[in-house]
Amino acid sequence: MNTETIFSSYKPIEQYLELLQTARGIVPSVLIRGIDAFLMRQIVLCYPSAPTVVDLAGAATVGASTVFWAWMAGSMQMAVGMQPAWDVNVVEGWPSLASDGSSAQNIHPLPFIGSESLEMPGEWAITKAELSINSLSPLFFTLAQTDGTPAEIQKRIECLLNLERNAVILLFPIGTTGESAALEAALNVCRIGSDYRLSLMREVSPFFATSQLAVISRRDNQHIPSILDRIRALYDGNFNYLALAEENIKLHLQSAKIQSVAITQVTPDAERQPDGSVAVPPLSQRLLKRAKTFIRKLTGGQVIEHRLHYVKALLPNQMQIGETYECSIRVRNDDPKPWYTPEQSKNCINIAYHWKSEKGEMLVKEGQRSPLLAAVFPGETATLPFKVTMPGQPGKYQLEVDFVHEGVAWFSDTGAPGPTFAVEVLP
């Protein structure tokens with residue numbers, strides 16, 4: 001890891017967008033989030049071999065991604081800009097805007113190459129030779145897709161992956177399941193049995209819940225999972241600390257007589273009263289107040305936390321490949337808030353699942369969603385139907401049932417994992 005922060009990673013993009021708005025009154029159709037700029041930087045810098053980055057997101061971001069990679073260029077093997085042939089309705093002359101924006105920030109602008117280089121591996125080989133790109137350097141593409149059907153975007157992704165065996169795609173913006181053509185295309189490319197793996201950064205850690213970045217890499221590329229594990233290990237610790245702080249804040253607010261063992265974990269400078277209660281000194285009160293405000297800002301005004309009790313699940317243990325089965329699960333809502341249906345809230349609760357290998361390796365993170373038929377209120381126990389679609393290859397798998405708070409987090413990522421079942425998929 002390195003010492004860059006979300007704010008410093010986003011700074012060149014922020015400054016460029018200010019210049020773009022002031023000079024031309026332009027707001028890009030695709031905005032790179034600060035968390036995604038930070039994560040892209042971490043992935044590239046932590047990769048064992050210095051990669052070559054080809055920026056295909058410049059047209060959609062009106063050069064913001066190009067300026068970002070120009071700022072990063074000294075930390076990589078090479079970075080180049082390109083306007084792929086499938087981009088439509090782009091701002092005319094955006095490469096010049098990106099070059100001027102880089103120069104205004106004392107950043108050396110990226111070289112640009114023609115879109116015909118992506119048409120076939122032979123053309124790409126010629127372009128590599130002309131640019132003197134190291135053949136041993138891993139190839140990273142940044143791709144921003146907001147237009148096109150899932151089939152069209154899938155074709156574009158596969159075109160890039162076919163250029164070189166070690167290619168990695170940084171894809172954004174990824175929206176919610178069922179509403180994002182880019183996500184649907186990525187899932188089709190990385191289906192069970194394919195050579196590719198899809199990693200959604202918002203699922204790496206609850207700390208990255210607002211991320212819209214996805215990483216597509218070969219399944220035999222062990223560098224990407226290793227890097228994501230390092231990122232998860234670092235930031236999960238921070239998120240767990242925030243959850244602990246929030247829990248202690250709740251205890252403080254619920255009662256004026258906090259037990260000594262609870263308060264000393266948060267404020268060692270507390271004083272015991274004659275009745276055995278603990279008084280919170282003014283300094284500690286201020287610290288608790290600031291901690292609570294900080295947590296609310298990080299989580300958009302809510303603490304990402306879910307509680308439920310799994311009672312019973314019904315599903316067959318042997319199923320046919322490619323078939324979809326009706327299953328059911330009985331659960332109790334231990335959350336303080338109701339679980340709403342898609343008709344009641346865009347941040348509804350859906351039932352889903354994850355497919356893992358027999359040894360526990362994640363194969364499909366984004367399982368088919370099944371909506372609730374009616375709201376489930378706090379303390380209520382309900383039997384909920386859901387559908388499971390089998391993998392396309394026979395074998396033994398692990399099926400983990402899970403709930404997802406759309407636009408927020410998977411229940412399993414917030415301390416409420418679901419049951420896991422051994423399933424044999426028959427040919």
# chains A, B, ... in the order shown; residues from 1 in each chain; ligands from 1
>>> residues_around(residues="range 216-219 of chain A", least_positions_apart="2", cutoff="10 Å", atoms="only C-alpha atoms", output="NGL selection string")
:A and (140-141 or 157 or 161 or 165-171 or 186-187 or 189-190 or 194-200 or 214 or 221-225 or 363)
>>> write_last_selection(atoms="N, CA, C and O atoms", output="CSV table (one decimal), in the first residue's frame")
chain,number,residue,atom,x,y,z
A,140,PHE,N,-3.6,-3.0,-18.7
A,140,PHE,CA,-4.8,-2.6,-18.0
A,140,PHE,C,-5.6,-1.6,-19.0
A,140,PHE,O,-5.0,-0.7,-19.6
A,141,PHE,N,-6.9,-1.9,-19.1
A,141,PHE,CA,-7.8,-1.0,-19.8
A,141,PHE,C,-8.7,-0.3,-18.8
A,141,PHE,O,-9.3,-1.0,-17.9
A,157,ILE,N,-16.0,-5.7,-24.2
A,157,ILE,CA,-15.1,-6.3,-23.2
A,157,ILE,C,-14.4,-7.4,-23.7
A,157,ILE,O,-13.1,-7.6,-23.5
A,161,LEU,N,-10.3,-8.2,-24.0
A,161,LEU,CA,-9.6,-9.3,-23.3
A,161,LEU,C,-8.9,-10.2,-24.3
A,161,LEU,O,-8.0,-10.9,-23.9
A,165,ARG,N,-3.4,-12.0,-23.3
A,165,ARG,CA,-3.8,-12.9,-22.3
A,165,ARG,C,-3.9,-12.3,-20.9
A,165,ARG,O,-4.7,-12.7,-20.0
A,166,ASN,N,-2.9,-11.4,-20.6
A,166,ASN,CA,-2.8,-10.9,-19.2
A,166,ASN,C,-3.6,-9.6,-19.0
A,166,ASN,O,-3.4,-8.9,-18.0
A,167,ALA,N,-4.6,-9.3,-19.9
A,167,ALA,CA,-5.3,-8.0,-19.9
A,167,ALA,C,-6.2,-8.0,-18.6
A,167,ALA,O,-6.8,-9.0,-18.2
A,168,VAL,N,-6.3,-6.8,-18.0
A,168,VAL,CA,-7.2,-6.5,-16.9
A,168,VAL,C,-8.0,-5.3,-17.2
A,168,VAL,O,-7.5,-4.3,-17.8
A,169,ILE,N,-9.3,-5.4,-17.0
A,169,ILE,CA,-10.2,-4.2,-17.3
A,169,ILE,C,-10.7,-3.6,-16.0
A,169,ILE,O,-11.2,-4.3,-15.1
A,170,LEU,N,-10.6,-2.3,-15.9
A,170,LEU,CA,-11.1,-1.5,-14.8
A,170,LEU,C,-12.4,-0.9,-15.4
A,170,LEU,O,-12.3,0.1,-16.2
A,171,LEU,N,-13.6,-1.4,-15.0
A,171,LEU,CA,-14.8,-1.0,-15.6
A,171,LEU,C,-15.7,-0.1,-14.7
A,171,LEU,O,-15.8,-0.5,-13.5
A,186,ALA,N,-20.7,-7.6,-17.8
A,186,ALA,CA,-19.6,-8.1,-17.1
A,186,ALA,C,-19.9,-9.5,-16.5
A,186,ALA,O,-19.1,-10.4,-16.5
A,187,LEU,N,-21.1,-9.7,-16.0
A,187,LEU,CA,-21.5,-11.0,-15.4
A,187,LEU,C,-21.6,-12.0,-16.5
A,187,LEU,O,-21.3,-13.2,-16.3
A,189,VAL,N,-19.7,-12.1,-19.3
A,189,VAL,CA,-18.3,-12.4,-19.6
A,189,VAL,C,-17.7,-13.3,-18.5
A,189,VAL,O,-17.0,-14.3,-18.9
A,190,CYS,N,-18.0,-13.1,-17.3
A,190,CYS,CA,-17.4,-13.8,-16.2
A,190,CYS,C,-18.4,-14.9,-15.6
A,190,CYS,O,-18.3,-15.2,-14.4
A,194,SER,N,-16.3,-19.7,-17.4
A,194,SER,CA,-15.5,-18.9,-18.2
A,194,SER,C,-14.1,-18.7,-17.6
A,194,SER,O,-13.8,-19.1,-16.5
A,195,ASP,N,-13.2,-18.1,-18.4
A,195,ASP,CA,-11.8,-17.9,-17.9
A,195,ASP,C,-11.6,-16.7,-17.1
A,195,ASP,O,-10.5,-16.4,-16.6
A,196,TYR,N,-12.7,-15.9,-16.9
A,196,TYR,CA,-12.6,-14.6,-16.3
A,196,TYR,C,-13.3,-14.5,-15.0
A,196,TYR,O,-14.3,-15.1,-14.7
A,197,ARG,N,-12.8,-13.6,-14.1
A,197,ARG,CA,-13.4,-13.4,-12.8
A,197,ARG,C,-13.8,-11.9,-12.7
A,197,ARG,O,-13.1,-11.0,-13.2
A,198,LEU,N,-15.0,-11.6,-12.1
A,198,LEU,CA,-15.5,-10.3,-11.9
A,198,LEU,C,-15.4,-9.9,-10.4
A,198,LEU,O,-15.8,-10.7,-9.5
A,199,SER,N,-14.7,-8.8,-10.1
A,199,SER,CA,-14.6,-8.3,-8.7
A,199,SER,C,-15.2,-6.9,-8.6
A,199,SER,O,-14.8,-6.0,-9.3
A,200,LEU,N,-16.3,-6.8,-7.8
A,200,LEU,CA,-16.9,-5.5,-7.6
A,200,LEU,C,-16.3,-4.9,-6.3
A,200,LEU,O,-16.3,-5.5,-5.3
A,214,ALA,N,-15.5,-1.9,-11.1
A,214,ALA,CA,-15.4,-3.4,-11.3
A,214,ALA,C,-14.1,-3.7,-11.9
A,214,ALA,O,-13.6,-3.0,-12.7
A,221,ASN,N,-5.2,-15.4,-12.8
A,221,ASN,CA,-4.4,-14.3,-12.4
A,221,ASN,C,-4.6,-14.1,-10.9
A,221,ASN,O,-5.6,-13.6,-10.4
A,222,GLN,N,-3.7,-14.6,-10.1
A,222,GLN,CA,-3.8,-14.5,-8.6
A,222,GLN,C,-3.3,-13.2,-8.0
A,222,GLN,O,-3.5,-13.0,-6.8
A,223,HIS,N,-2.8,-12.3,-8.9
A,223,HIS,CA,-2.4,-11.0,-8.3
A,223,HIS,C,-3.6,-10.1,-7.9
A,223,HIS,O,-3.5,-9.5,-6.9
A,224,ILE,N,-4.6,-10.1,-8.7
A,224,ILE,CA,-5.8,-9.3,-8.4
A,224,ILE,C,-6.4,-9.7,-7.1
A,224,ILE,O,-6.6,-8.9,-6.2
A,225,PRO,N,-6.7,-11.0,-6.8
A,225,PRO,CA,-7.3,-11.4,-5.5
A,225,PRO,C,-6.4,-11.0,-4.4
A,225,PRO,O,-6.9,-10.7,-3.3
A,363,LEU,N,-17.2,-18.1,-6.9
A,363,LEU,CA,-17.3,-18.2,-8.3
A,363,LEU,C,-18.3,-17.2,-8.9
A,363,LEU,O,-18.1,-16.6,-9.9
>>> select_by_dssp(residues="range 31-159 of chain A", states="strand (DSSP E)", output="ChimeraX atom specification")
/A:52-55,78-82,112-113,139-144
>>> residues_around(residues="Gln344 in chain A", least_positions_apart="5", cutoff="10 Å", atoms="only C-alpha atoms", output="list in words")
Trp339, Ala374 and Ala375 of chain A
>>> write_last_selection(atoms="C-alpha atoms", output="PDB file, in the first residue's frame")
ATOM      1  CA  TRP A 339     -37.519  -4.792   4.964  1.00  0.00           C
ATOM      2  CA  ALA A 374     -44.477  -8.098   1.071  1.00  0.00           C
ATOM      3  CA  ALA A 375     -42.668  -6.000   3.650  1.00  0.00           C
TER       4      ALA A 375
END
>>> residues_around(residues="Leu19 in chain A", least_positions_apart="4", cutoff="10 Å", atoms="only C-alpha atoms", output="PyMOL selection string")
chain A and resi 13-15+23-26+97+100-101+104
>>> closest_atom_pairs(of="range 22-68 of chain A", to="range 112-129 of chain A", cutoff="10 Å", atoms="only C-alpha atoms", output="tab-separated table")
residue	atom	partner	partner_atom	distance
A:Val54	CA	A:Phe112	CA	9.5
A:Asp55	CA	A:Phe112	CA	9.4
A:Leu56	CA	A:Ser115	CA	9.3
A:Thr66	CA	A:Phe112	CA	9.8
>>> atom_distance(atom1="CA of Val423 in chain A", atom2="CA of Glu366 in chain A")
17.7 Å
>>> atom_distance(atom1="CA of Pro391 in chain A", atom2="CA of Lys155 in chain A")
21.8 Å
>>> residues_around(residues="Ser103 in chain A", least_positions_apart="3", cutoff="12 Å", atoms="only C-alpha atoms", output="PyMOL selection string")
chain A and resi 12+15-16+19+67+70-71+96-100+106-110
